[in-house]
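Below: work-v3.txt (compact mmCIF, N, CA and C atoms)
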```txt
# COMPACT_ATOMS: atom_id res chain seq x y z
N MET W 1 -12.62 11.02 19.77
CA MET W 1 -13.76 11.09 18.89
C MET W 1 -13.40 10.43 17.56
N GLU W 2 -14.29 9.60 17.05
CA GLU W 2 -14.05 8.88 15.80
C GLU W 2 -14.59 9.71 14.63
N VAL W 3 -13.76 9.88 13.61
CA VAL W 3 -14.16 10.60 12.40
C VAL W 3 -14.26 9.59 11.27
N ARG W 4 -15.36 9.63 10.53
CA ARG W 4 -15.56 8.70 9.42
C ARG W 4 -15.69 9.44 8.11
N GLU W 5 -15.19 8.81 7.07
CA GLU W 5 -15.39 9.33 5.73
C GLU W 5 -16.86 9.24 5.39
N VAL W 6 -17.34 10.10 4.52
CA VAL W 6 -18.75 10.12 4.14
C VAL W 6 -19.17 8.81 3.47
N ASN W 7 -18.32 8.26 2.62
CA ASN W 7 -18.67 7.05 1.87
C ASN W 7 -18.35 5.76 2.61
N GLU W 8 -17.79 5.85 3.79
CA GLU W 8 -17.42 4.66 4.55
C GLU W 8 -18.68 3.94 5.03
N THR W 9 -18.71 2.64 4.83
CA THR W 9 -19.86 1.87 5.29
C THR W 9 -19.50 1.16 6.59
N VAL W 10 -20.47 0.99 7.45
CA VAL W 10 -20.27 0.32 8.72
C VAL W 10 -20.59 -1.16 8.53
N GLU W 11 -19.64 -2.00 8.87
CA GLU W 11 -19.81 -3.45 8.75
C GLU W 11 -20.67 -3.94 9.90
N ARG W 12 -21.83 -4.54 9.57
CA ARG W 12 -22.75 -5.01 10.60
C ARG W 12 -22.83 -6.53 10.66
N ARG W 13 -22.08 -7.22 9.83
CA ARG W 13 -22.15 -8.67 9.80
C ARG W 13 -21.44 -9.27 11.01
N ARG W 14 -21.98 -10.39 11.48
CA ARG W 14 -21.36 -11.11 12.60
C ARG W 14 -20.27 -12.04 12.09
N ALA W 15 -20.39 -12.48 10.82
CA ALA W 15 -19.45 -13.43 10.25
C ALA W 15 -18.73 -12.79 9.06
N PRO W 16 -17.43 -13.03 8.93
CA PRO W 16 -16.70 -12.45 7.80
C PRO W 16 -17.19 -13.05 6.48
N ARG W 17 -17.19 -12.23 5.44
CA ARG W 17 -17.63 -12.71 4.13
C ARG W 17 -16.41 -12.85 3.22
N VAL W 18 -16.55 -13.71 2.23
CA VAL W 18 -15.49 -13.91 1.24
C VAL W 18 -16.09 -13.79 -0.15
N LYS W 19 -15.31 -13.23 -1.05
CA LYS W 19 -15.74 -13.18 -2.45
C LYS W 19 -15.66 -14.58 -3.00
N THR W 20 -16.73 -15.01 -3.65
CA THR W 20 -16.73 -16.32 -4.28
C THR W 20 -17.84 -16.36 -5.31
N HIS W 21 -17.60 -17.07 -6.38
CA HIS W 21 -18.57 -17.16 -7.48
C HIS W 21 -19.01 -18.61 -7.63
N ILE W 22 -19.95 -19.01 -6.80
CA ILE W 22 -20.44 -20.38 -6.83
C ILE W 22 -21.87 -20.38 -7.36
N PRO W 23 -22.27 -21.47 -8.03
CA PRO W 23 -23.65 -21.57 -8.51
C PRO W 23 -24.64 -21.65 -7.34
N VAL W 24 -25.74 -20.91 -7.50
CA VAL W 24 -26.80 -20.87 -6.49
C VAL W 24 -28.13 -21.14 -7.19
N ARG W 25 -28.93 -22.02 -6.62
CA ARG W 25 -30.31 -22.21 -7.08
C ARG W 25 -31.22 -21.78 -5.95
N PHE W 26 -32.28 -21.08 -6.30
CA PHE W 26 -33.19 -20.63 -5.25
C PHE W 26 -34.62 -20.61 -5.75
N ARG W 27 -35.52 -20.75 -4.81
CA ARG W 27 -36.96 -20.60 -5.09
C ARG W 27 -37.62 -20.12 -3.82
N LYS W 28 -38.77 -19.50 -4.00
CA LYS W 28 -39.50 -19.00 -2.85
C LYS W 28 -40.07 -20.17 -2.07
N LEU W 29 -39.97 -20.13 -0.77
CA LEU W 29 -40.44 -21.21 0.10
C LEU W 29 -41.93 -21.46 -0.11
N ARG W 30 -42.69 -20.42 -0.30
CA ARG W 30 -44.15 -20.56 -0.44
C ARG W 30 -44.56 -21.21 -1.76
N ASP W 31 -43.63 -21.29 -2.74
CA ASP W 31 -43.96 -21.88 -4.04
C ASP W 31 -44.11 -23.40 -3.98
N GLY W 32 -43.60 -24.03 -2.97
CA GLY W 32 -43.73 -25.48 -2.84
C GLY W 32 -42.63 -26.22 -3.58
N ALA W 33 -42.65 -27.53 -3.45
CA ALA W 33 -41.57 -28.37 -3.97
C ALA W 33 -41.64 -28.57 -5.47
N GLY W 34 -42.80 -28.41 -6.09
CA GLY W 34 -42.94 -28.71 -7.52
C GLY W 34 -42.41 -27.63 -8.44
N ILE W 35 -42.08 -26.48 -7.92
CA ILE W 35 -41.63 -25.36 -8.74
C ILE W 35 -40.12 -25.43 -8.92
N ALA W 36 -39.68 -25.27 -10.18
CA ALA W 36 -38.24 -25.27 -10.46
C ALA W 36 -37.61 -24.00 -9.92
N GLY W 37 -36.37 -24.10 -9.51
CA GLY W 37 -35.67 -22.95 -8.97
C GLY W 37 -35.05 -22.08 -10.05
N THR W 38 -34.58 -20.92 -9.64
CA THR W 38 -33.87 -19.99 -10.51
C THR W 38 -32.39 -20.11 -10.20
N SER W 39 -31.57 -20.01 -11.24
CA SER W 39 -30.12 -20.13 -11.05
C SER W 39 -29.45 -18.77 -11.04
N SER W 40 -28.37 -18.68 -10.30
CA SER W 40 -27.58 -17.46 -10.21
C SER W 40 -26.15 -17.85 -9.86
N ILE W 41 -25.31 -16.82 -9.71
CA ILE W 41 -23.93 -17.00 -9.26
C ILE W 41 -23.73 -16.06 -8.07
N SER W 42 -23.11 -16.56 -7.03
CA SER W 42 -22.90 -15.74 -5.84
C SER W 42 -21.86 -14.66 -6.10
N LYS W 43 -21.93 -13.60 -5.30
CA LYS W 43 -20.91 -12.54 -5.29
C LYS W 43 -20.02 -12.72 -4.07
N ASN W 44 -20.66 -13.06 -2.93
CA ASN W 44 -19.89 -13.36 -1.73
C ASN W 44 -20.72 -14.24 -0.81
N LEU W 45 -20.03 -14.78 0.19
CA LEU W 45 -20.63 -15.77 1.08
C LEU W 45 -20.02 -15.61 2.47
N SER W 46 -20.85 -15.83 3.49
CA SER W 46 -20.36 -15.90 4.86
C SER W 46 -21.11 -17.03 5.55
N GLN W 47 -20.77 -17.28 6.79
CA GLN W 47 -21.49 -18.30 7.54
C GLN W 47 -22.91 -17.83 7.85
N GLY W 48 -23.16 -16.53 7.69
CA GLY W 48 -24.47 -15.98 7.99
C GLY W 48 -25.37 -15.74 6.79
N GLY W 49 -24.80 -15.76 5.57
CA GLY W 49 -25.64 -15.50 4.42
C GLY W 49 -24.87 -15.43 3.12
N ILE W 50 -25.58 -15.01 2.06
CA ILE W 50 -25.01 -15.01 0.72
C ILE W 50 -25.53 -13.81 -0.06
N ARG W 51 -24.73 -13.34 -1.00
CA ARG W 51 -25.11 -12.24 -1.88
C ARG W 51 -25.06 -12.74 -3.31
N PHE W 52 -26.13 -12.48 -4.07
CA PHE W 52 -26.18 -12.91 -5.47
C PHE W 52 -27.14 -12.04 -6.26
N ARG W 53 -27.15 -12.24 -7.58
CA ARG W 53 -28.02 -11.47 -8.47
C ARG W 53 -29.25 -12.30 -8.84
N THR W 54 -30.31 -11.57 -9.17
CA THR W 54 -31.53 -12.21 -9.64
C THR W 54 -32.19 -11.29 -10.68
N GLY W 55 -32.92 -11.88 -11.58
CA GLY W 55 -33.61 -11.11 -12.60
C GLY W 55 -34.96 -10.57 -12.17
N GLU W 56 -35.40 -10.99 -10.99
CA GLU W 56 -36.72 -10.55 -10.52
C GLU W 56 -36.62 -9.92 -9.14
N PHE W 57 -37.54 -9.00 -8.87
CA PHE W 57 -37.60 -8.39 -7.55
C PHE W 57 -38.23 -9.40 -6.59
N ILE W 58 -37.60 -9.58 -5.45
CA ILE W 58 -38.13 -10.45 -4.40
C ILE W 58 -38.25 -9.59 -3.15
N SER W 59 -39.41 -9.59 -2.54
CA SER W 59 -39.67 -8.68 -1.42
C SER W 59 -38.81 -9.02 -0.21
N MET W 60 -38.56 -7.98 0.57
CA MET W 60 -37.80 -8.12 1.82
C MET W 60 -38.47 -9.15 2.72
N ALA W 61 -37.66 -9.90 3.41
CA ALA W 61 -38.09 -10.92 4.36
C ALA W 61 -38.74 -12.13 3.71
N CYS W 62 -38.81 -12.18 2.38
CA CYS W 62 -39.32 -13.37 1.69
C CYS W 62 -38.40 -14.55 2.02
N ARG W 63 -39.00 -15.69 2.33
CA ARG W 63 -38.22 -16.89 2.63
C ARG W 63 -37.87 -17.61 1.34
N LEU W 64 -36.60 -18.04 1.24
CA LEU W 64 -36.11 -18.74 0.06
C LEU W 64 -35.54 -20.10 0.46
N ILE W 65 -35.62 -21.03 -0.45
CA ILE W 65 -34.90 -22.30 -0.33
C ILE W 65 -33.70 -22.19 -1.25
N LEU W 66 -32.50 -22.33 -0.70
CA LEU W 66 -31.27 -22.18 -1.45
C LEU W 66 -30.54 -23.51 -1.57
N GLU W 67 -29.89 -23.69 -2.71
CA GLU W 67 -28.94 -24.79 -2.90
C GLU W 67 -27.66 -24.19 -3.44
N LEU W 68 -26.57 -24.39 -2.73
CA LEU W 68 -25.27 -23.84 -3.10
C LEU W 68 -24.36 -24.96 -3.57
N ASP W 69 -23.83 -24.83 -4.77
CA ASP W 69 -22.91 -25.83 -5.31
C ASP W 69 -21.48 -25.42 -5.03
N ILE W 70 -21.01 -25.77 -3.85
CA ILE W 70 -19.66 -25.42 -3.44
C ILE W 70 -18.68 -26.41 -4.05
N PRO W 71 -17.66 -25.91 -4.75
CA PRO W 71 -16.77 -26.78 -5.53
C PRO W 71 -16.11 -27.91 -4.76
N MET W 72 -15.83 -27.72 -3.49
CA MET W 72 -15.12 -28.74 -2.71
C MET W 72 -16.00 -29.93 -2.33
N PHE W 73 -17.31 -29.81 -2.53
CA PHE W 73 -18.23 -30.81 -2.00
C PHE W 73 -19.05 -31.45 -3.12
N THR W 74 -19.43 -32.71 -2.92
CA THR W 74 -20.15 -33.45 -3.95
C THR W 74 -21.65 -33.16 -3.96
N LYS W 75 -22.21 -32.81 -2.81
CA LYS W 75 -23.65 -32.52 -2.72
C LYS W 75 -23.86 -31.03 -2.47
N PRO W 76 -24.97 -30.48 -2.97
CA PRO W 76 -25.23 -29.07 -2.69
C PRO W 76 -25.53 -28.83 -1.21
N VAL W 77 -25.14 -27.66 -0.74
CA VAL W 77 -25.48 -27.21 0.61
C VAL W 77 -26.86 -26.59 0.52
N LYS W 78 -27.76 -26.98 1.41
CA LYS W 78 -29.14 -26.50 1.36
C LYS W 78 -29.43 -25.64 2.59
N ALA W 79 -30.23 -24.58 2.36
CA ALA W 79 -30.58 -23.68 3.46
C ALA W 79 -31.90 -23.01 3.18
N ILE W 80 -32.56 -22.63 4.25
CA ILE W 80 -33.71 -21.71 4.16
C ILE W 80 -33.17 -20.36 4.60
N SER W 81 -33.49 -19.34 3.82
CA SER W 81 -32.97 -18.01 4.11
C SER W 81 -34.09 -16.98 3.97
N LYS W 82 -33.77 -15.75 4.34
CA LYS W 82 -34.71 -14.65 4.11
C LYS W 82 -33.96 -13.52 3.43
N VAL W 83 -34.66 -12.80 2.58
CA VAL W 83 -34.07 -11.65 1.89
C VAL W 83 -33.84 -10.56 2.92
N ALA W 84 -32.57 -10.20 3.12
CA ALA W 84 -32.21 -9.16 4.09
C ALA W 84 -32.20 -7.78 3.44
N TRP W 85 -31.81 -7.74 2.15
CA TRP W 85 -31.83 -6.49 1.39
C TRP W 85 -31.86 -6.83 -0.09
N ILE W 86 -32.35 -5.90 -0.89
CA ILE W 86 -32.38 -6.07 -2.35
C ILE W 86 -32.31 -4.69 -2.98
N ARG W 87 -31.55 -4.59 -4.07
CA ARG W 87 -31.46 -3.31 -4.79
C ARG W 87 -31.20 -3.58 -6.27
N LYS W 88 -31.61 -2.61 -7.10
CA LYS W 88 -31.36 -2.70 -8.54
C LYS W 88 -29.87 -2.56 -8.80
N THR W 89 -29.39 -3.29 -9.81
CA THR W 89 -28.00 -3.14 -10.21
C THR W 89 -27.85 -1.87 -11.03
N ASP W 90 -26.62 -1.47 -11.27
CA ASP W 90 -26.37 -0.26 -12.07
C ASP W 90 -26.96 -0.37 -13.47
N SER W 91 -26.99 -1.58 -14.02
CA SER W 91 -27.55 -1.77 -15.36
C SER W 91 -29.06 -1.55 -15.35
N GLY W 92 -29.68 -1.74 -14.19
CA GLY W 92 -31.12 -1.54 -14.07
C GLY W 92 -31.95 -2.72 -14.53
N ASN W 93 -31.29 -3.78 -15.02
CA ASN W 93 -32.01 -4.95 -15.51
C ASN W 93 -32.14 -6.07 -14.48
N ASP W 94 -31.26 -6.08 -13.53
CA ASP W 94 -31.22 -7.14 -12.52
C ASP W 94 -31.28 -6.53 -11.12
N TYR W 95 -31.36 -7.42 -10.16
CA TYR W 95 -31.31 -7.03 -8.75
C TYR W 95 -30.17 -7.79 -8.09
N GLU W 96 -29.60 -7.17 -7.09
CA GLU W 96 -28.62 -7.82 -6.25
C GLU W 96 -29.24 -7.95 -4.87
N MET W 97 -29.08 -9.10 -4.26
CA MET W 97 -29.70 -9.29 -2.95
C MET W 97 -28.76 -9.95 -1.97
N GLY W 98 -29.01 -9.64 -0.70
CA GLY W 98 -28.35 -10.32 0.40
C GLY W 98 -29.40 -11.17 1.08
N SER W 99 -29.07 -12.43 1.29
CA SER W 99 -30.01 -13.36 1.90
C SER W 99 -29.38 -13.98 3.14
N GLN W 100 -30.06 -13.87 4.25
CA GLN W 100 -29.57 -14.35 5.54
C GLN W 100 -30.01 -15.78 5.77
N PHE W 101 -29.07 -16.65 6.12
CA PHE W 101 -29.41 -18.04 6.42
C PHE W 101 -30.24 -18.11 7.70
N LEU W 102 -31.33 -18.85 7.65
CA LEU W 102 -32.18 -19.05 8.82
C LEU W 102 -32.08 -20.48 9.35
N GLU W 103 -32.16 -21.44 8.44
CA GLU W 103 -32.13 -22.85 8.83
C GLU W 103 -31.28 -23.65 7.87
N MET W 104 -30.46 -24.54 8.43
CA MET W 104 -29.73 -25.52 7.64
C MET W 104 -29.22 -26.60 8.58
N SER W 105 -28.89 -27.72 8.01
CA SER W 105 -28.42 -28.82 8.84
C SER W 105 -27.07 -28.46 9.47
N LYS W 106 -26.76 -29.13 10.55
CA LYS W 106 -25.48 -28.91 11.23
C LYS W 106 -24.34 -29.21 10.27
N LYS W 107 -24.47 -30.27 9.48
CA LYS W 107 -23.43 -30.66 8.53
C LYS W 107 -23.22 -29.57 7.48
N ASP W 108 -24.32 -28.99 6.94
CA ASP W 108 -24.20 -27.94 5.94
C ASP W 108 -23.58 -26.67 6.53
N LYS W 109 -23.90 -26.36 7.80
CA LYS W 109 -23.25 -25.22 8.47
C LYS W 109 -21.74 -25.45 8.54
N GLU W 110 -21.36 -26.67 8.89
CA GLU W 110 -19.94 -27.00 8.97
C GLU W 110 -19.26 -26.89 7.61
N LEU W 111 -19.95 -27.32 6.55
CA LEU W 111 -19.38 -27.25 5.20
C LEU W 111 -19.17 -25.79 4.76
N ILE W 112 -20.15 -24.93 5.03
CA ILE W 112 -19.99 -23.51 4.69
C ILE W 112 -18.85 -22.91 5.48
N SER W 113 -18.78 -23.23 6.76
CA SER W 113 -17.70 -22.72 7.60
C SER W 113 -16.34 -23.17 7.07
N GLU W 114 -16.23 -24.43 6.70
CA GLU W 114 -14.98 -24.97 6.15
C GLU W 114 -14.60 -24.24 4.86
N TYR W 115 -15.57 -24.03 3.98
CA TYR W 115 -15.31 -23.36 2.71
C TYR W 115 -14.89 -21.91 2.93
N VAL W 116 -15.64 -21.17 3.74
CA VAL W 116 -15.33 -19.76 4.02
C VAL W 116 -13.95 -19.65 4.66
N ASN W 117 -13.66 -20.50 5.62
CA ASN W 117 -12.35 -20.46 6.29
C ASN W 117 -11.22 -20.77 5.32
N SER W 118 -11.44 -21.71 4.40
CA SER W 118 -10.39 -22.03 3.42
C SER W 118 -10.13 -20.84 2.50
N LEU W 119 -11.18 -20.12 2.12
CA LEU W 119 -10.99 -18.93 1.28
C LEU W 119 -10.36 -17.79 2.07
N ASN W 120 -10.71 -17.67 3.34
CA ASN W 120 -10.07 -16.64 4.19
C ASN W 120 -8.58 -16.90 4.32
N LEU W 121 -8.19 -18.16 4.50
CA LEU W 121 -6.77 -18.50 4.59
C LEU W 121 -6.05 -18.15 3.30
N TYR W 122 -6.68 -18.46 2.17
CA TYR W 122 -6.10 -18.15 0.86
C TYR W 122 -5.97 -16.64 0.69
N ASN W 123 -7.05 -15.90 0.99
CA ASN W 123 -7.04 -14.45 0.85
C ASN W 123 -6.00 -13.81 1.77
N ASP W 124 -5.88 -14.33 3.01
CA ASP W 124 -4.90 -13.79 3.94
C ASP W 124 -3.48 -14.01 3.43
N SER W 125 -3.21 -15.19 2.85
CA SER W 125 -1.87 -15.45 2.33
C SER W 125 -1.59 -14.60 1.10
N GLU W 126 -2.60 -14.36 0.27
CA GLU W 126 -2.44 -13.48 -0.89
C GLU W 126 -2.14 -12.05 -0.44
N ALA W 127 -2.87 -11.57 0.57
CA ALA W 127 -2.66 -10.21 1.07
C ALA W 127 -1.27 -10.08 1.68
N ALA W 128 -0.83 -11.09 2.45
CA ALA W 128 0.49 -11.05 3.06
C ALA W 128 1.57 -11.03 1.97
N SER W 129 1.38 -11.82 0.92
CA SER W 129 2.33 -11.85 -0.18
C SER W 129 2.41 -10.49 -0.87
N ALA W 130 1.26 -9.84 -1.07
CA ALA W 130 1.23 -8.52 -1.70
C ALA W 130 1.93 -7.49 -0.81
N GLN W 131 1.74 -7.58 0.51
CA GLN W 131 2.39 -6.63 1.42
C GLN W 131 3.90 -6.82 1.40
N ILE W 132 4.36 -8.06 1.33
CA ILE W 132 5.79 -8.34 1.28
C ILE W 132 6.38 -7.73 0.01
N LYS W 133 5.68 -7.86 -1.12
CA LYS W 133 6.16 -7.28 -2.38
C LYS W 133 6.26 -5.77 -2.28
N ILE W 134 5.28 -5.13 -1.64
CA ILE W 134 5.28 -3.67 -1.51
C ILE W 134 6.45 -3.23 -0.63
N VAL W 135 6.65 -3.91 0.49
CA VAL W 135 7.75 -3.57 1.40
C VAL W 135 9.08 -3.76 0.68
N THR W 136 9.24 -4.86 -0.05
CA THR W 136 10.48 -5.14 -0.77
C THR W 136 10.75 -4.06 -1.81
N LYS W 137 9.75 -3.67 -2.59
CA LYS W 137 9.93 -2.63 -3.60
C LYS W 137 10.26 -1.29 -2.95
N THR W 138 9.62 -1.00 -1.81
CA THR W 138 9.90 0.24 -1.09
C THR W 138 11.33 0.24 -0.58
N GLU W 139 11.76 -0.88 -0.02
CA GLU W 139 13.12 -0.99 0.48
C GLU W 139 14.13 -0.85 -0.66
N GLU W 140 13.82 -1.47 -1.82
CA GLU W 140 14.70 -1.35 -2.97
C GLU W 140 14.81 0.10 -3.42
N ALA W 141 13.66 0.80 -3.46
CA ALA W 141 13.66 2.19 -3.91
C ALA W 141 14.43 3.09 -2.94
N LEU W 142 14.35 2.75 -1.66
CA LEU W 142 15.05 3.56 -0.65
C LEU W 142 16.49 3.12 -0.43
N GLY W 143 16.85 1.96 -1.01
CA GLY W 143 18.21 1.43 -0.83
C GLY W 143 18.45 0.92 0.56
N THR W 144 17.37 0.42 1.24
CA THR W 144 17.52 -0.06 2.62
C THR W 144 17.38 -1.57 2.73
N GLU W 145 17.49 -2.28 1.63
CA GLU W 145 17.28 -3.73 1.69
C GLU W 145 18.39 -4.47 2.33
```
Could you quickly redo this structure as structure tokens?
Amino acid sequence: MEVREVNETVERRRAPRVKTHIPVRFRKLRDGAGIAGTSSISKNLSQGGIRFRTGEFISMACRLILELDIPMFTKPVKAISKVAWIRKTDSGNDYEMGSQFLEMSKKDKELISEYVNSLNLYNDSEAASAQIKIVTKTEEALGTE
């Protein structure tokens, strides 16, 4: 039988997410091409979607046009997404939202995958380095090095 902590959240994503702070521009799909987008900074990204803040409430399932300025690439990655969840931030002035990618070019999917994988490799090497330091300090403290 599996026992879970009360505050433990169940991960439902199909794709791993990485923390990243990249510029995001978005606008509602129904607003048309003539409307300027709103700018934000991402909190995290996966091959399936993105999390970022916004100053306005956007209803669930609203379709958005996104442009992501990923540092490794010269052109923005473009996608159509839908709002998967939205909630007020602790400050109460902004909202944080998760937006699921619905449509994007094959090339843009590959670019996001490449970027996420590169950050996963970096994060994995950082975590391994931290574990080595902990083991080394433990061994030093125990005199078993």
**OP:** Rounded to one decimal place, report the CA of Val83 in chain W-CA of Phe52 in chain W distance in Å.
**Re:** 10.9 Å
**OP:** Check the smallest atom-to-atom distance from each of W:Asn120, W:Ser40, W:Ser91, W:Thr20 to Gly55 in chain W using only N, CA and C atoms, then report the winner.
**Re:**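 That would be W:Ser40, the residue with the smallest distance to Gly55 in chain W.
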Original post:
Which value, in Å to one decimal, gives the distance between atom C of Met72 in chain W and atom N of Trp85 in chain W?
Top reply: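 Distance reported for this atom pair: 27.6 Å.
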**OP:** Find the distance between atom N of Thr38 in chain W and atom N of Ser113 in chain W and write it in Å to one decimal.
**Re:**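 Atom-to-atom, atom N of Thr38 in chain W and atom N of Ser113 in chain W are spaced 22.9 Å apart.
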Subject >> Residues within 6.5 Å of Arg25 in chain W, all atoms listed in the file, excluding chain neighbours under 4 positions, as a PyMOL selection string >> reply: chain W and resi 37-40+65-69
Subject >> Neighbour list for Ala84 in chain W as a PyMOL selection string, cut-off 7 Å, all atoms listed in the file, skip fewer than 6 positions in-chain >> reply: chain W and resi 60-62+97-100
**OP:** Tell me which of W:Ser59, W:Ile22, W:Arg27, W:Phe101 sits closest to Lys43 in chain W, counting only N, CA and C atoms.
**Re:**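 Using only N, CA and C atoms, Lys43 in chain W sits closest to W:Ile22.
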**OP:** Would you please work out which residue, of W:Leu29, W:Ile58, W:Leu45, W:Arg17, is nearest to Tyr95 in chain W when using only N, CA and C atoms?
**Re:**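 For Tyr95 in chain W, the nearest of the candidates is W:Ile58.
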Glu96 in chain W: which residues within 7 Å, counting only C-alpha atoms, same-chain residues fewer than 5 positions away excluded, as a PDB file with N, CA and C atoms, keeping the file's coordinate frame?
```
ATOM      1  N   PHE W  52     -26.130 -12.480  -4.070  1.00  0.00           N
ATOM      2  CA  PHE W  52     -26.180 -12.910  -5.470  1.00  0.00           C
ATOM      3  C   PHE W  52     -27.140 -12.040  -6.260  1.00  0.00           C
ATOM      4  N   ARG W  53     -27.150 -12.240  -7.580  1.00  0.00           N
ATOM      5  CA  ARG W  53     -28.020 -11.470  -8.470  1.00  0.00           C
ATOM      6  C   ARG W  53     -29.250 -12.300  -8.840  1.00  0.00           C
ATOM      7  N   THR W  54     -30.310 -11.570  -9.170  1.00  0.00           N
ATOM      8  CA  THR W  54     -31.530 -12.210  -9.640  1.00  0.00           C
ATOM      9  C   THR W  54     -32.190 -11.290 -10.680  1.00  0.00           C
ATOM     10  N   ILE W  86     -32.350  -5.900  -0.890  1.00  0.00           N
ATOM     11  CA  ILE W  86     -32.380  -6.070  -2.350  1.00  0.00           C
ATOM     12  C   ILE W  86     -32.310  -4.690  -2.980  1.00  0.00           C
ATOM     13  N   ARG W  87     -31.550  -4.590  -4.070  1.00  0.00           N
ATOM     14  CA  ARG W  87     -31.460  -3.310  -4.790  1.00  0.00           C
ATOM     15  C   ARG W  87     -31.200  -3.580  -6.270  1.00  0.00           C
ATOM     16  N   LYS W  88     -31.610  -2.610  -7.100  1.00  0.00           N
ATOM     17  CA  LYS W  88     -31.360  -2.700  -8.540  1.00  0.00           C
ATOM     18  C   LYS W  88     -29.870  -2.560  -8.800  1.00  0.00           C
ATOM     19  N   THR W  89     -29.390  -3.290  -9.810  1.00  0.00           N
ATOM     20  CA  THR W  89     -28.000  -3.140 -10.210  1.00  0.00           C
ATOM     21  C   THR W  89     -27.850  -1.870 -11.030  1.00  0.00           C
TER      22      THR W  89
END
```
**OP:** Check the DSSP output for the backbone and give back, as a ChimeraX atom specification, the residues of range 45-138 of chain W in alpha helix (DSSP H).
**Re:** /W:106-138
Original post:
Looking at only C-alpha atoms, which of W:Ile112, W:Pro23, W:Thr74, W:Asp31 is the one that sits closest to Gly49 in chain W?
Top reply: W:Ile112
**OP:** Considering all atoms listed in the file, state which residue in the set W:Lys19, W:Lys75, W:Lys28, W:Lys106 is at the smallest distance from Arg63 in chain W.
**Re:** W:Lys28
Subject >> Residue set, range 17-106 of chain W restricted to strand (DSSP E), as a ChimeraX atom specification >> reply: /W:18-19,23-28,38-45,49-54,63-68,77-88,95-103
Original post:
Using only C-alpha atoms, which of the listed residues (W:Leu119, W:Pro16, W:Phe73, W:Ser105) sits closest to Ile50 in chain W?
Top reply: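 For Ile50 in chain W, the nearest of the given residues is W:Pro16.
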So that I can look at just that part, could you write range 67-80 of chain W with N, CA and C atoms, as a compact mmCIF listing (two decimals), in the first residue's frame?
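The resulting file, selection-v7.txt, is reproduced below:
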```
# COMPACT_ATOMS: atom_id res chain seq x y z
N GLU W 67 4.92 33.39 -28.23
CA GLU W 67 6.26 33.50 -28.83
C GLU W 67 7.26 33.41 -27.70
N LEU W 68 8.15 32.44 -27.78
CA LEU W 68 9.14 32.20 -26.75
C LEU W 68 10.52 32.58 -27.28
N ASP W 69 11.20 33.46 -26.57
CA ASP W 69 12.55 33.88 -26.97
C ASP W 69 13.58 33.04 -26.24
N ILE W 70 13.88 31.89 -26.81
CA ILE W 70 14.83 30.96 -26.22
C ILE W 70 16.24 31.43 -26.56
N PRO W 71 17.09 31.60 -25.55
CA PRO W 71 18.41 32.20 -25.75
C PRO W 71 19.29 31.55 -26.81
N MET W 72 19.18 30.25 -26.99
CA MET W 72 20.04 29.54 -27.93
C MET W 72 19.67 29.77 -29.40
N PHE W 73 18.51 30.37 -29.64
CA PHE W 73 17.99 30.45 -31.01
C PHE W 73 17.77 31.89 -31.44
N THR W 74 17.92 32.15 -32.74
CA THR W 74 17.81 33.50 -33.26
C THR W 74 16.38 33.95 -33.49
N LYS W 75 15.47 33.02 -33.76
CA LYS W 75 14.07 33.36 -34.00
C LYS W 75 13.21 32.85 -32.84
N PRO W 76 12.12 33.56 -32.54
CA PRO W 76 11.25 33.06 -31.47
C PRO W 76 10.55 31.76 -31.88
N VAL W 77 10.31 30.92 -30.89
CA VAL W 77 9.52 29.70 -31.08
C VAL W 77 8.06 30.11 -30.94
N LYS W 78 7.23 29.70 -31.88
CA LYS W 78 5.82 30.10 -31.89
C LYS W 78 4.93 28.88 -31.65
N ALA W 79 3.85 29.11 -30.90
CA ALA W 79 2.92 28.01 -30.61
C ALA W 79 1.54 28.56 -30.34
N ILE W 80 0.55 27.72 -30.59
CA ILE W 80 -0.81 27.98 -30.12
C ILE W 80 -0.99 27.08 -28.91
```
